[in-house]
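What's in input.cif: mmCIF, C-alpha atoms
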```cif
data_structure
loop_
_atom_site.group_PDB
_atom_site.id
_atom_site.type_symbol
_atom_site.label_atom_id
_atom_site.label_comp_id
_atom_site.auth_asym_id
_atom_site.auth_seq_id
_atom_site.Cartn_x
_atom_site.Cartn_y
_atom_site.Cartn_z
ATOM 1 C CA ILE A 27 -26.278 40.337 -21.479
ATOM 2 C CA PRO A 28 -23.253 42.581 -20.636
ATOM 3 C CA ASN A 29 -24.096 42.280 -16.928
ATOM 4 C CA THR A 30 -23.690 38.494 -17.085
ATOM 5 C CA LEU A 31 -20.305 38.444 -18.851
ATOM 6 C CA PRO A 32 -18.121 38.715 -15.700
ATOM 7 C CA HIS A 33 -19.719 35.556 -14.333
ATOM 8 C CA PHE A 34 -18.057 33.461 -17.066
ATOM 9 C CA HIS A 35 -14.744 33.754 -15.172
ATOM 10 C CA LEU A 36 -16.138 32.060 -12.057
ATOM 11 C CA PRO A 37 -15.834 28.407 -13.254
ATOM 12 C CA ASN A 38 -12.149 28.947 -14.151
ATOM 13 C CA MET A 39 -11.429 30.411 -10.736
ATOM 14 C CA THR A 40 -13.269 27.566 -9.053
ATOM 15 C CA TRP A 41 -11.346 24.945 -11.055
ATOM 16 C CA ASN A 42 -8.026 26.587 -10.176
ATOM 17 C CA HIS A 43 -8.923 26.470 -6.502
ATOM 18 C CA ILE A 44 -9.894 22.804 -6.816
ATOM 19 C CA GLN A 45 -6.564 21.987 -8.467
ATOM 20 C CA LYS A 46 -4.681 23.676 -5.629
ATOM 21 C CA LEU A 47 -6.686 21.964 -2.908
ATOM 22 C CA ILE A 48 -7.031 18.432 -4.291
ATOM 23 C CA GLY A 49 -3.456 17.481 -3.305
ATOM 24 C CA PRO A 50 -3.635 18.637 0.333
ATOM 25 C CA ALA A 51 -7.164 17.229 0.619
ATOM 26 C CA PHE A 52 -5.985 13.791 -0.507
ATOM 27 C CA VAL A 53 -3.018 13.866 1.889
ATOM 28 C CA ILE A 54 -5.209 14.954 4.817
ATOM 29 C CA ALA A 55 -7.680 12.155 4.022
ATOM 30 C CA MET A 56 -4.862 9.593 3.897
ATOM 31 C CA LEU A 57 -3.320 10.953 7.085
ATOM 32 C CA GLY A 58 -6.689 10.913 8.843
ATOM 33 C CA GLY A 59 -7.365 7.325 7.815
ATOM 34 C CA ILE A 60 -3.889 6.144 8.839
ATOM 35 C CA GLU A 61 -4.026 7.931 12.196
ATOM 36 C CA SER A 62 -7.522 6.634 12.965
ATOM 37 C CA LEU A 63 -6.630 3.031 12.154
ATOM 38 C CA LEU A 64 -3.431 3.356 14.178
ATOM 39 C CA SER A 65 -5.505 4.627 17.115
ATOM 40 C CA ALA A 66 -7.841 1.665 16.711
ATOM 41 C CA VAL A 67 -4.917 -0.778 16.710
ATOM 42 C CA VAL A 68 -3.501 0.794 19.887
ATOM 43 C CA ALA A 69 -6.954 0.609 21.502
ATOM 44 C CA ASP A 70 -7.206 -3.078 20.524
ATOM 45 C CA GLY A 71 -3.933 -3.743 22.323
ATOM 46 C CA MET A 72 -5.162 -1.952 25.453
ATOM 47 C CA THR A 73 -8.588 -3.618 25.549
ATOM 48 C CA ASN A 74 -7.836 -7.046 23.971
ATOM 49 C CA SER A 75 -10.565 -6.423 21.394
ATOM 50 C CA LYS A 76 -10.803 -6.226 17.590
ATOM 51 C CA HIS A 77 -11.979 -3.138 15.708
ATOM 52 C CA ASN A 78 -13.879 -2.980 12.409
ATOM 53 C CA SER A 79 -11.712 -0.971 10.010
ATOM 54 C CA ASN A 80 -14.469 -0.461 7.440
ATOM 55 C CA ARG A 81 -16.877 0.887 10.031
ATOM 56 C CA GLU A 82 -14.205 3.234 11.385
ATOM 57 C CA LEU A 83 -13.323 4.688 7.985
ATOM 58 C CA ILE A 84 -16.923 4.938 6.762
ATOM 59 C CA GLY A 85 -17.979 6.765 9.929
ATOM 60 C CA GLN A 86 -15.017 9.112 9.701
ATOM 61 C CA GLY A 87 -15.659 9.726 5.995
ATOM 62 C CA ILE A 88 -19.315 10.641 6.561
ATOM 63 C CA ALA A 89 -18.312 12.993 9.388
ATOM 64 C CA ASN A 90 -15.653 14.728 7.286
ATOM 65 C CA ILE A 91 -18.063 15.185 4.374
ATOM 66 C CA ILE A 92 -20.753 16.801 6.533
ATOM 67 C CA THR A 93 -18.559 18.795 8.960
ATOM 68 C CA PRO A 94 -17.085 21.258 6.382
ATOM 69 C CA LEU A 95 -20.628 22.261 5.364
ATOM 70 C CA PHE A 96 -20.920 23.873 8.810
ATOM 71 C CA GLY A 97 -17.423 25.391 8.888
ATOM 72 C CA GLY A 98 -15.767 22.478 10.658
ATOM 73 C CA ILE A 99 -12.300 20.991 10.153
ATOM 74 C CA PRO A 100 -11.337 17.360 9.388
ATOM 75 C CA ALA A 101 -11.655 14.958 12.304
ATOM 76 C CA THR A 102 -9.597 11.830 12.997
ATOM 77 C CA GLY A 103 -9.211 9.266 15.705
ATOM 78 C CA ALA A 104 -6.606 10.435 18.227
ATOM 79 C CA ILE A 105 -4.291 8.161 20.185
ATOM 80 C CA ALA A 106 -3.955 10.585 23.125
ATOM 81 C CA ARG A 107 -7.696 10.932 23.791
ATOM 82 C CA THR A 108 -8.369 7.269 23.031
ATOM 83 C CA ALA A 109 -5.724 6.088 25.489
ATOM 84 C CA THR A 110 -6.952 8.540 28.147
ATOM 85 C CA ASN A 111 -10.504 7.371 27.588
ATOM 86 C CA ILE A 112 -9.623 3.717 28.022
ATOM 87 C CA LYS A 113 -7.444 4.339 31.087
ATOM 88 C CA SER A 114 -10.364 6.246 32.641
ATOM 89 C CA GLY A 115 -12.529 3.129 32.388
ATOM 90 C CA ALA A 116 -14.533 3.851 29.229
ATOM 91 C CA THR A 117 -16.071 0.705 27.761
ATOM 92 C CA SER A 118 -18.634 1.883 25.163
ATOM 93 C CA PRO A 119 -18.988 4.304 22.218
ATOM 94 C CA MET A 120 -20.864 6.647 24.560
ATOM 95 C CA SER A 121 -17.483 7.816 25.868
ATOM 96 C CA GLY A 122 -16.724 9.426 22.506
ATOM 97 C CA ILE A 123 -20.116 11.136 22.446
ATOM 98 C CA ILE A 124 -19.633 12.448 25.993
ATOM 99 C CA HIS A 125 -16.175 13.695 25.044
ATOM 100 C CA GLY A 126 -17.564 15.539 22.018
ATOM 101 C CA GLY A 127 -20.347 17.046 24.115
ATOM 102 C CA PHE A 128 -17.867 18.248 26.735
ATOM 103 C CA VAL A 129 -15.688 19.893 24.060
ATOM 104 C CA LEU A 130 -18.794 21.586 22.604
ATOM 105 C CA LEU A 131 -19.842 22.948 26.008
ATOM 106 C CA THR A 132 -16.310 24.165 26.621
ATOM 107 C CA LEU A 133 -16.348 26.092 23.338
ATOM 108 C CA LEU A 134 -19.805 27.562 23.947
ATOM 109 C CA LEU A 135 -19.540 28.396 27.658
ATOM 110 C CA LEU A 136 -15.853 28.619 28.582
ATOM 111 C CA ALA A 137 -14.267 29.957 25.394
ATOM 112 C CA PRO A 138 -13.979 33.553 26.734
ATOM 113 C CA TYR A 139 -12.136 32.262 29.809
ATOM 114 C CA ALA A 140 -9.998 29.786 27.867
ATOM 115 C CA SER A 141 -8.767 32.573 25.598
ATOM 116 C CA HIS A 142 -6.976 34.131 28.612
ATOM 117 C CA ILE A 143 -4.843 31.018 29.250
ATOM 118 C CA PRO A 144 -1.218 31.927 28.352
ATOM 119 C CA LEU A 145 0.156 29.927 25.435
ATOM 120 C CA ALA A 146 3.412 29.484 27.369
ATOM 121 C CA SER A 147 1.525 27.480 29.983
ATOM 122 C CA MET A 148 0.038 25.263 27.278
ATOM 123 C CA ALA A 149 3.432 24.511 25.727
ATOM 124 C CA PRO A 150 4.721 22.194 28.517
ATOM 125 C CA ILE A 151 1.471 20.217 28.420
ATOM 126 C CA LEU A 152 1.752 19.729 24.655
ATOM 127 C CA MET A 153 5.435 18.801 24.990
ATOM 128 C CA VAL A 154 4.658 16.123 27.586
ATOM 129 C CA VAL A 155 1.791 14.756 25.466
ATOM 130 C CA ALA A 156 4.019 14.700 22.365
ATOM 131 C CA TRP A 157 6.816 12.947 24.293
ATOM 132 C CA ASN A 158 4.397 10.303 25.584
ATOM 133 C CA MET A 159 3.007 9.752 22.066
ATOM 134 C CA SER A 160 6.411 9.678 20.337
ATOM 135 C CA GLU A 161 6.902 5.910 20.779
ATOM 136 C CA ARG A 162 10.655 6.529 20.952
ATOM 137 C CA LYS A 163 11.425 2.870 21.702
ATOM 138 C CA HIS A 164 9.557 1.780 18.580
ATOM 139 C CA PHE A 165 11.306 4.563 16.622
ATOM 140 C CA VAL A 166 14.739 3.267 17.659
ATOM 141 C CA HIS A 167 13.655 -0.322 17.009
ATOM 142 C CA VAL A 168 12.654 0.490 13.415
ATOM 143 C CA LEU A 169 15.944 2.332 12.830
ATOM 144 C CA LYS A 170 17.953 -0.656 14.108
ATOM 145 C CA MET A 171 16.254 -2.895 11.543
ATOM 146 C CA LYS A 172 18.057 -0.934 8.764
ATOM 147 C CA SER A 173 15.339 -1.798 6.243
ATOM 148 C CA GLY A 174 13.226 0.129 3.769
ATOM 149 C CA ASP A 175 10.880 1.047 6.613
ATOM 150 C CA SER A 176 13.802 2.711 8.403
ATOM 151 C CA LEU A 177 14.417 4.914 5.365
ATOM 152 C CA VAL A 178 10.726 5.831 5.080
ATOM 153 C CA LEU A 179 10.634 6.677 8.790
ATOM 154 C CA LEU A 180 13.687 8.970 8.633
ATOM 155 C CA VAL A 181 12.602 10.747 5.444
ATOM 156 C CA THR A 182 9.074 11.347 6.766
ATOM 157 C CA PHE A 183 10.449 12.467 10.146
ATOM 158 C CA PHE A 184 12.825 15.082 8.702
ATOM 159 C CA PHE A 185 10.311 16.323 6.125
ATOM 160 C CA THR A 186 7.828 16.837 8.967
ATOM 161 C CA ILE A 187 10.374 18.957 10.853
ATOM 162 C CA PHE A 188 11.763 21.031 7.977
ATOM 163 C CA THR A 189 8.692 21.356 5.708
ATOM 164 C CA SER A 190 5.123 20.471 6.679
ATOM 165 C CA LEU A 191 3.120 17.448 7.752
ATOM 166 C CA THR A 192 1.204 17.173 4.446
ATOM 167 C CA THR A 193 4.434 17.305 2.420
ATOM 168 C CA ALA A 194 6.030 14.704 4.688
ATOM 169 C CA VAL A 195 3.077 12.319 4.277
ATOM 170 C CA GLU A 196 3.105 12.741 0.482
ATOM 171 C CA VAL A 197 6.837 12.032 0.245
ATOM 172 C CA GLY A 198 6.602 9.151 2.731
ATOM 173 C CA LEU A 199 3.745 7.469 0.845
ATOM 174 C CA ILE A 200 5.499 7.811 -2.535
ATOM 175 C CA LEU A 201 8.750 6.444 -1.107
ATOM 176 C CA ALA A 202 6.918 3.551 0.571
ATOM 177 C CA VAL A 203 5.197 2.643 -2.718
ATOM 178 C CA ILE A 204 8.526 2.713 -4.604
ATOM 179 C CA LEU A 205 10.262 0.525 -2.023
ATOM 180 C CA PHE A 206 7.324 -1.895 -1.884
ATOM 181 C CA THR A 207 7.319 -2.223 -5.680
ATOM 182 C CA LYS A 208 11.067 -2.882 -5.680
ATOM 183 C CA GLN A 209 10.777 -5.517 -2.949
ATOM 184 C CA MET A 210 7.893 -7.277 -4.685
ATOM 185 C CA SER A 211 9.745 -7.287 -8.004
ATOM 186 C CA GLU A 212 12.541 -9.244 -6.316
ATOM 187 C CA LYS A 213 10.079 -11.870 -5.012
ATOM 188 C CA ILE A 214 9.530 -13.436 -8.431
ATOM 189 C CA ILE A 215 11.326 -16.793 -8.639
ATOM 190 C CA ILE A 216 11.650 -18.643 -11.942
ATOM 191 C CA THR A 217 13.271 -22.064 -11.749
ATOM 192 C CA LYS A 218 13.707 -24.716 -14.402
ATOM 193 C CA VAL A 219 12.646 -28.147 -13.105
ATOM 194 C CA LEU A 220 12.659 -31.782 -14.197
ATOM 195 C CA PRO A 221 11.199 -34.964 -12.698
ATOM 196 C CA ASP A 222 13.398 -36.499 -10.015
ATOM 197 C CA HIS A 223 13.430 -40.234 -10.774
ATOM 198 C CA ASN A 224 15.199 -40.947 -7.478
ATOM 199 C CA ASN A 225 12.131 -39.616 -5.666
ATOM 200 C CA LYS A 226 9.394 -42.211 -5.163
ATOM 201 C CA GLN A 227 6.685 -39.638 -5.956
ATOM 202 C CA ALA A 228 8.588 -38.452 -9.054
ATOM 203 C CA LYS A 229 8.286 -34.761 -8.154
ATOM 204 C CA VAL A 230 9.711 -32.088 -10.411
ATOM 205 C CA LEU A 231 12.588 -30.341 -8.638
ATOM 206 C CA PRO A 232 15.064 -27.628 -9.667
ATOM 207 C CA HIS A 233 18.211 -29.354 -8.377
ATOM 208 C CA VAL A 234 17.751 -32.127 -10.942
ATOM 209 C CA VAL A 235 18.571 -29.712 -13.795
ATOM 210 C CA ASN A 236 22.276 -29.401 -14.624
ATOM 211 C CA GLU A 237 24.539 -29.406 -17.661
ATOM 212 C CA ALA A 238 24.713 -33.201 -17.724
ATOM 213 C CA HIS A 239 21.004 -33.695 -17.105
ATOM 214 C CA ASN A 240 18.662 -31.508 -19.133
ATOM 215 C CA CYS A 241 15.897 -31.914 -21.673
ATOM 216 C CA PRO A 242 16.115 -29.714 -24.780
ATOM 217 C CA GLN A 243 12.721 -30.824 -26.100
ATOM 218 C CA VAL A 244 10.517 -30.272 -23.011
ATOM 219 C CA ASN A 245 11.153 -27.297 -20.741
ATOM 220 C CA ILE A 246 9.347 -27.073 -17.393
ATOM 221 C CA TYR A 247 9.419 -23.908 -15.272
ATOM 222 C CA THR A 248 8.023 -23.208 -11.810
ATOM 223 C CA ILE A 249 6.941 -19.586 -11.333
ATOM 224 C CA GLU A 250 6.634 -18.213 -7.791
ATOM 225 C CA GLY A 251 5.472 -14.724 -6.819
ATOM 226 C CA PRO A 252 3.156 -12.003 -8.189
ATOM 227 C CA LEU A 253 3.429 -11.379 -11.922
ATOM 228 C CA PHE A 254 2.966 -7.606 -11.976
ATOM 229 C CA PHE A 255 4.620 -4.672 -13.767
ATOM 230 C CA GLY A 256 7.665 -4.702 -11.468
ATOM 231 C CA ALA A 257 8.503 -8.359 -12.167
ATOM 232 C CA ALA A 258 7.026 -8.932 -15.640
ATOM 233 C CA GLN A 259 10.195 -8.047 -17.556
ATOM 234 C CA THR A 260 12.322 -10.471 -15.501
ATOM 235 C CA PHE A 261 9.712 -13.164 -16.157
ATOM 236 C CA GLU A 262 9.766 -12.568 -19.914
ATOM 237 C CA GLN A 263 13.567 -12.482 -20.180
ATOM 238 C CA SER A 264 13.928 -15.772 -18.313
ATOM 239 C CA ILE A 265 11.398 -17.585 -20.480
ATOM 240 C CA MET A 266 12.555 -15.982 -23.749
ATOM 241 C CA GLU A 267 15.995 -17.523 -23.255
ATOM 242 C CA THR A 268 14.284 -20.910 -23.405
ATOM 243 C CA ILE A 269 12.315 -20.030 -26.533
ATOM 244 C CA HIS A 270 15.507 -19.243 -28.448
ATOM 245 C CA TYR A 271 16.510 -22.907 -28.032
ATOM 246 C CA LYS A 272 13.162 -23.802 -29.659
ATOM 247 C CA PRO A 273 11.978 -26.661 -27.426
ATOM 248 C CA LYS A 274 8.935 -28.588 -28.620
ATOM 249 C CA VAL A 275 6.995 -28.206 -25.357
ATOM 250 C CA LEU A 276 7.032 -25.407 -22.778
ATOM 251 C CA ILE A 277 5.256 -26.019 -19.456
ATOM 252 C CA LEU A 278 4.740 -23.254 -16.897
ATOM 253 C CA ARG A 279 3.744 -24.322 -13.380
ATOM 254 C CA MET A 280 1.901 -21.263 -11.982
ATOM 255 C CA ALA A 281 0.252 -22.596 -8.829
ATOM 256 C CA LYS A 282 2.345 -20.182 -6.740
ATOM 257 C CA VAL A 283 1.454 -17.055 -8.751
ATOM 258 C CA PRO A 284 -1.185 -15.263 -6.613
ATOM 259 C CA PHE A 285 -1.706 -12.239 -8.852
ATOM 260 C CA ILE A 286 -1.184 -10.973 -12.399
ATOM 261 C CA ASP A 287 -1.837 -7.444 -13.665
ATOM 262 C CA THR A 288 -2.314 -6.127 -17.206
ATOM 263 C CA THR A 289 1.431 -5.605 -17.695
ATOM 264 C CA GLY A 290 2.149 -9.169 -16.599
ATOM 265 C CA GLU A 291 -0.621 -10.375 -18.904
ATOM 266 C CA ALA A 292 0.916 -8.473 -21.848
ATOM 267 C CA TYR A 293 4.329 -10.076 -21.290
ATOM 268 C CA PHE A 294 2.660 -13.465 -20.823
ATOM 269 C CA ARG A 295 0.783 -13.077 -24.119
ATOM 270 C CA ASN A 296 4.003 -12.051 -25.857
ATOM 271 C CA ILE A 297 5.692 -15.257 -24.676
ATOM 272 C CA VAL A 298 2.785 -17.393 -25.907
ATOM 273 C CA GLN A 299 2.781 -15.741 -29.329
ATOM 274 C CA HIS A 300 6.540 -16.107 -29.766
ATOM 275 C CA PHE A 301 6.550 -19.736 -28.695
ATOM 276 C CA LYS A 302 3.581 -20.727 -30.848
ATOM 277 C CA GLY A 303 5.212 -18.892 -33.740
ATOM 278 C CA HIS A 304 7.968 -21.508 -33.575
ATOM 279 C CA GLY A 305 5.353 -24.263 -33.718
ATOM 280 C CA GLY A 306 5.754 -25.289 -30.082
ATOM 281 C CA ILE A 307 3.169 -26.586 -27.604
ATOM 282 C CA PHE A 308 2.509 -24.232 -24.675
ATOM 283 C CA LEU A 309 0.993 -25.632 -21.464
ATOM 284 C CA VAL A 310 0.116 -24.026 -18.121
ATOM 285 C CA SER A 311 -0.669 -25.923 -14.919
ATOM 286 C CA GLY A 312 -2.007 -25.085 -11.475
ATOM 287 C CA MET A 313 -3.297 -21.620 -12.329
ATOM 288 C CA GLN A 314 -5.134 -19.860 -9.506
ATOM 289 C CA PRO A 315 -8.703 -18.550 -10.128
ATOM 290 C CA GLN A 316 -7.769 -14.843 -10.083
ATOM 291 C CA VAL A 317 -4.925 -15.324 -12.552
ATOM 292 C CA LYS A 318 -7.052 -17.549 -14.750
ATOM 293 C CA GLU A 319 -9.901 -15.019 -14.827
ATOM 294 C CA THR A 320 -7.517 -12.189 -15.767
ATOM 295 C CA LEU A 321 -6.055 -14.202 -18.648
ATOM 296 C CA LYS A 322 -9.549 -15.176 -19.836
ATOM 297 C CA ARG A 323 -10.617 -11.524 -19.984
#
```
Reformat the file's structure so that it appears as structure tokens.
Amino acid sequence: IPNTLPHFHLPNMTWNHIQKLIGPAFVIAMLGGIESLLSAVVADGMTNSKHNSNRELIGQGIANIITPLFGGIPATGAIARTATNIKSGATSPMSGIIHGGFVLLTLLLLAPYASHIPLASMAPILMVVAWNMSERKHFVHVLKMKSGDSLVLLVTFFFTIFTSLTTAVEVGLILAVILFTKQMSEKIIITKVLPDHNNKQAKVLPHVVNEAHNCPQVNIYTIEGPLFFGAAQTFEQSIMETIHYKPKVLILRMAKVPFIDTTGEAYFRNIVQHFKGHGGIFLVSGMQPQVKETLKR
């Protein structure tokens, strides 16, 4: 029994290593997927074809699961080799297999000779390749847009230079998610509408509502945009102002709400409970299947 006691420390050491590696592993996987899909998009533009993203990522995932078992490193699609392949006249997946075979033969047969190549002579080649891959015109174009993408580009660019590629990708992804959430939260549009009697089809329109023309007993609202955690509070505040006036009927037109998450559902339920607590009638129209299924569950 005493001889087995030291082995009890092994699981803790293994778990610590996993905790340290899970972050970089996730970033490398994300970076590999993004780079491979970007390569596929560039190849589509050069060949006027259409790639299968699922097939690309599944194939890459299987390769990166098996390769480390034999001491390999993660593999991704590469723009430089893909573009060279296409410009050389490659038209089938066999070109990738031939390329891999050539690299393998180089490692097995020419590695001793390749090791004598001065690194200084390799530097200009890598600099030219990097310059050709930099897409400087696209870089400047994105900066001129002065949008959220411009900020993500600059932050990722400088983090890549001053820290590391994995850190830059992590920061870039987090910043992109934050900016996307902010932009989507501003897409929610809540407008009070009433029937336009001057219109032959009697459509409900927002411009009909004004101080001189309003209906305190029946309130109709048109909701546009995704009802998720970033926009749910704005949605609730807008509708709650109506509830305080205690109308008899509240109608929500939700045909233009493509998505609702659990936070949006919670705010929606809160509105229903408050309004029914005042004895009002709550109606919803035009609900899309996904939204309807979420509310049913």
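Remark: for Ile246 of chain A, the closest of the candidate residues A:Leu83, A:Ile151, A:Met210, A:Ile265 is A:Ile265 (distances computed over all atoms listed in the file).
Each of A:Tyr139, A:Phe206, A:Phe52, A:Phe188 was compared to Ser173 of chain A using only C-alpha atoms, and A:Phe206 turns out to be the nearest.
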Tell me which protein, DNA and RNA residues are within 12 Å of Asn78 of chain A, counting only C-alpha atoms, leaving out same-chain ones fewer than 6 positions away, and put them as JSON, numbers by chain.
-> {"A": [62, 63, 66, 67, 69, 70, 84, 85]}
I need every residue sitting at most 12 Å from the point (-6.3, -19.5, -12.2) (coordinates as in the file, only C-alpha atoms considered), written as a tab-separated table (two decimals) with C-alpha atoms, keeping the file's coordinate frame.
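And here is the file that came out, part37.tsv:
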```tsv
chain	number	residue	atom	x	y	z
A	279	ARG	CA	3.74	-24.32	-13.38
A	280	MET	CA	1.90	-21.26	-11.98
A	281	ALA	CA	0.25	-22.60	-8.83
A	282	LYS	CA	2.35	-20.18	-6.74
A	283	VAL	CA	1.45	-17.06	-8.75
A	284	PRO	CA	-1.18	-15.26	-6.61
A	285	PHE	CA	-1.71	-12.24	-8.85
A	286	ILE	CA	-1.18	-10.97	-12.40
A	310	VAL	CA	0.12	-24.03	-18.12
A	311	SER	CA	-0.67	-25.92	-14.92
A	312	GLY	CA	-2.01	-25.08	-11.48
A	313	MET	CA	-3.30	-21.62	-12.33
A	314	GLN	CA	-5.13	-19.86	-9.51
A	315	PRO	CA	-8.70	-18.55	-10.13
A	316	GLN	CA	-7.77	-14.84	-10.08
A	317	VAL	CA	-4.92	-15.32	-12.55
A	318	LYS	CA	-7.05	-17.55	-14.75
A	319	GLU	CA	-9.90	-15.02	-14.83
A	320	THR	CA	-7.52	-12.19	-15.77
A	321	LEU	CA	-6.06	-14.20	-18.65
A	322	LYS	CA	-9.55	-15.18	-19.84
A	323	ARG	CA	-10.62	-11.52	-19.98
```
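The interatomic distance for the pair atom CA of Thr289 of chain A and atom CA of Leu199 of chain A works out to 22.8 Å.
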